[in-house]
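Chemist: Would you mind keeping the following structure in view while I ask a few things?
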There are 2 protein chains.
Amino acid sequence: MSEPLDPEMFADCSPVAAPMRIGDKWTAKIITCLESGPRRFTELRVPLRGITPKVLTESLRALERDGMITRTVYPEIPARVEYELTPLGRTLFEPMAAQCAWTREHLPELLAARQAHESAAH
Amino acid sequence: MSEPLDPEMFADCSPVAAPMRIGDKWTAKIITCLESGPRRFTELRVPLRGITPKVLTESLRALERDGMITRTVYPEIPARVEYELTPLGRTLFEPMAAQCAWTREHLPELLAARQAHESAAH
DNA sequence: CGGTATCCACGGGGATACTG
DNA sequence: CAGTATCCCCGTGGATACCG
């Protein structure tokens with residue numbers, strides 16, 4: 001119960017344990033948008049209200065590098081580009097669902113605690 | 001499969017769906033440190049290599065505001081302060097475990113994809 | 001011991017304009 | 001259509017020093 005904390009607890013997980021940018025502002029939303037099938041660049045920009053092309057490109061490239069999505073260019077005119085989740089990318093839905101479940105179940109408690117704290121500080 | 005994306009998909013979840021700073025640099029580690037029982041400020045600083053007192057204080061205060069931990073001051077000399085997870089705080093272990101499970105299972109694939117990408121870009 | 005007070009660096013993200 | 005190219009803001013987190 002009260003043994004001292006291991007000083008090396010997090011020694012190895014610094015650079016590698018959080019290599020995915022799932023905690024950033026856009027990635028989880030992008031993954032969600034791709035759940036129902038391949039999507040085009042401009043198509044993604046619609047629900048992703050106000051994301052700039054630069055940021056969307058960066059996010060997609062990062063996901064591609066990590067093997068989460070594929071980028072396919074169809075040689076038409078004008079060119080069509082489609083982004084699609086890989087099987088690996090689809091495994092992200094599990095932890096994402098856990099996050100959503102937590103929020104669904106416990107967000108009211110969190111908000112209540114925040115309210116109570118605000119009142120106490122009056 | 002290819003119906004247009006709902007433009008309002010994320011309309012309501014912007015400010016409230018990610019109210020927890022679990023994705024930040026330190027919070028998940030702090031929660032982990034508190035799993036085995038209450039801990040003191042200085043005690044937490046040991047495994048949290050290089051966290052500054054300012055940042056640790058900010059993180060703890062945020063968790064306290066959200067009802068995840070309690071802060072108890074014992075009127076001794078010198079004063080002793082203990083941080084402890086609330087029942088609500090303990091519910092965070094579920095989504096955190098899902099994250100860890102994902103990393104354990106899929107990190108090698110991610111790393112391999114990254115390697116392959118690096119080679120391809122030569 | 002358990003913080004606070006300042007100051008500062010960095011990088012994610014945004015705004016805007018332009019292009020093959 | 002699917003991006004690039006610049007420039008810029010701001011918030012997280014770090015460094016350092018000091019305090020009740």
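Residues in the structure tokens are numbered from 1 in each chain, the chains being A, B, ... in the order shown, and ligands are numbered from 1 in the order shown.
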Residues of chain B within 9 Å of chain C, counting only C-alpha atoms (C1' of nucleotides), what are they? List them as a compact mmCIF listing (two decimals) with C-alpha atoms, in the first residue's frame.
Modeler:
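Result file is iface34.txt:
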```
# COMPACT_ATOMS: atom_id res chain seq x y z
CA PHE B 41 4.20 15.97 -3.22
CA THR B 42 7.87 15.20 -2.96
CA PRO B 53 7.09 21.89 -8.92
CA LYS B 54 5.07 24.40 -10.87
CA THR B 57 1.15 21.71 -8.79
CA PRO B 78 6.31 20.53 8.99
CA ALA B 79 2.92 20.17 7.32
CA ARG B 80 2.27 16.99 5.41
CA VAL B 81 0.12 16.99 2.27
```
Chemist: Please provide the set of residues having any atom within 7 Å of B:Tyr83, restricted to only C-alpha atoms (C1' of nucleotides), with same-chain residues fewer than 3 positions apart removed, written as a PyMOL selection string.
Modeler: chain B and resi 38-40+69-72
Chemist: Between A:Glu118, A:Glu43, A:Glu94, A:Glu76, which is the closest to B:Pro4 once you count only C-alpha atoms?
Modeler: A:Glu43
Chemist: Counting only C-alpha atoms, which residues of chain A come no farther than 8 Å from chain B, as a PyMOL selection string?
Modeler: chain A and resi 1-2+4-10+17+23-24+29+33+36-38+43-44+46-49+65-68+88+91-92+94-95+98-99+102-103+106+109-111+113-114+117
Chemist: Mind checking DSSP for chain A and telling me the strand (DSSP E or B) residues as a PyMOL selection string?
Modeler: chain A and resi 39-40+69-74+80-85
Chemist: Taking only C-alpha atoms (C1' of nucleotides) into account, which residues of chain D are within 9 Å of chain B, as an MDAnalysis selection string?
Modeler: chainID D and resid 12:15
Chemist: Taking N, CA and C atoms (P, O5', C5', C4', C3', O3' and C1' of nucleotides) for each residue, export the selection above as an mmCIF file, in the first residue's frame.
Modeler:
```cif
data_model
loop_
_atom_site.group_PDB
_atom_site.id
_atom_site.type_symbol
_atom_site.label_atom_id
_atom_site.label_comp_id
_atom_site.auth_asym_id
_atom_site.auth_seq_id
_atom_site.Cartn_x
_atom_site.Cartn_y
_atom_site.Cartn_z
ATOM 1 P P DT D 12 -2.737 25.398 -21.705
ATOM 2 O "O5'" DT D 12 -1.554 24.347 -21.658
ATOM 3 C "C5'" DT D 12 -1.418 23.380 -22.708
ATOM 4 C "C4'" DT D 12 0.013 22.910 -22.780
ATOM 5 C "C3'" DT D 12 0.530 22.314 -21.471
ATOM 6 O "O3'" DT D 12 1.065 21.037 -21.747
ATOM 7 C "C1'" DT D 12 2.044 23.950 -22.302
ATOM 8 P P DG D 13 1.347 20.028 -20.532
ATOM 9 O "O5'" DG D 13 2.892 20.329 -20.265
ATOM 10 C "C5'" DG D 13 3.794 20.246 -21.354
ATOM 11 C "C4'" DG D 13 5.064 21.003 -21.027
ATOM 12 C "C3'" DG D 13 5.713 20.677 -19.671
ATOM 13 O "O3'" DG D 13 6.996 20.171 -19.941
ATOM 14 C "C1'" DG D 13 5.723 23.000 -20.085
ATOM 15 P P DG D 14 7.965 19.654 -18.797
ATOM 16 O "O5'" DG D 14 9.095 20.783 -18.785
ATOM 17 C "C5'" DG D 14 9.891 20.966 -19.950
ATOM 18 C "C4'" DG D 14 10.868 22.101 -19.724
ATOM 19 C "C3'" DG D 14 11.724 21.961 -18.474
ATOM 20 O "O3'" DG D 14 13.069 22.273 -18.803
ATOM 21 C "C1'" DG D 14 10.615 24.036 -18.461
ATOM 22 P P DA D 15 14.211 22.050 -17.701
ATOM 23 O "O5'" DA D 15 14.612 23.522 -17.250
ATOM 24 C "C5'" DA D 15 14.667 24.597 -18.179
ATOM 25 C "C4'" DA D 15 15.335 25.801 -17.529
ATOM 26 C "C3'" DA D 15 16.164 25.482 -16.294
ATOM 27 O "O3'" DA D 15 17.312 26.323 -16.277
ATOM 28 C "C1'" DA D 15 14.345 26.878 -15.683
#
```
Chemist: Atom C1' of D:DA17 and atom CA of B:Glu84, how far apart in Å?
Modeler: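 Distance reported for this atom pair: 29.4 Å.
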Chemist: Rounded to one decimal in Å, what is the spacing between atom CA of B:Arg90 and atom CA of B:Pro108?
Modeler: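 That distance, rounded to one decimal, is 29.0 Å.
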Chemist: Go ahead and compute the interatomic distance for atom CA of A:Val73 and atom C1' of D:DC1, in Å to one decimal.
Modeler: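 If I compute the distance from atom CA of A:Val73 to atom C1' of D:DC1, I get 11.7 Å.
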Chemist: If you run DSSP on this backbone, which residues of chain B come out as helix (DSSP H, G or I), and could you give them as a count of residues only?
Modeler: 58
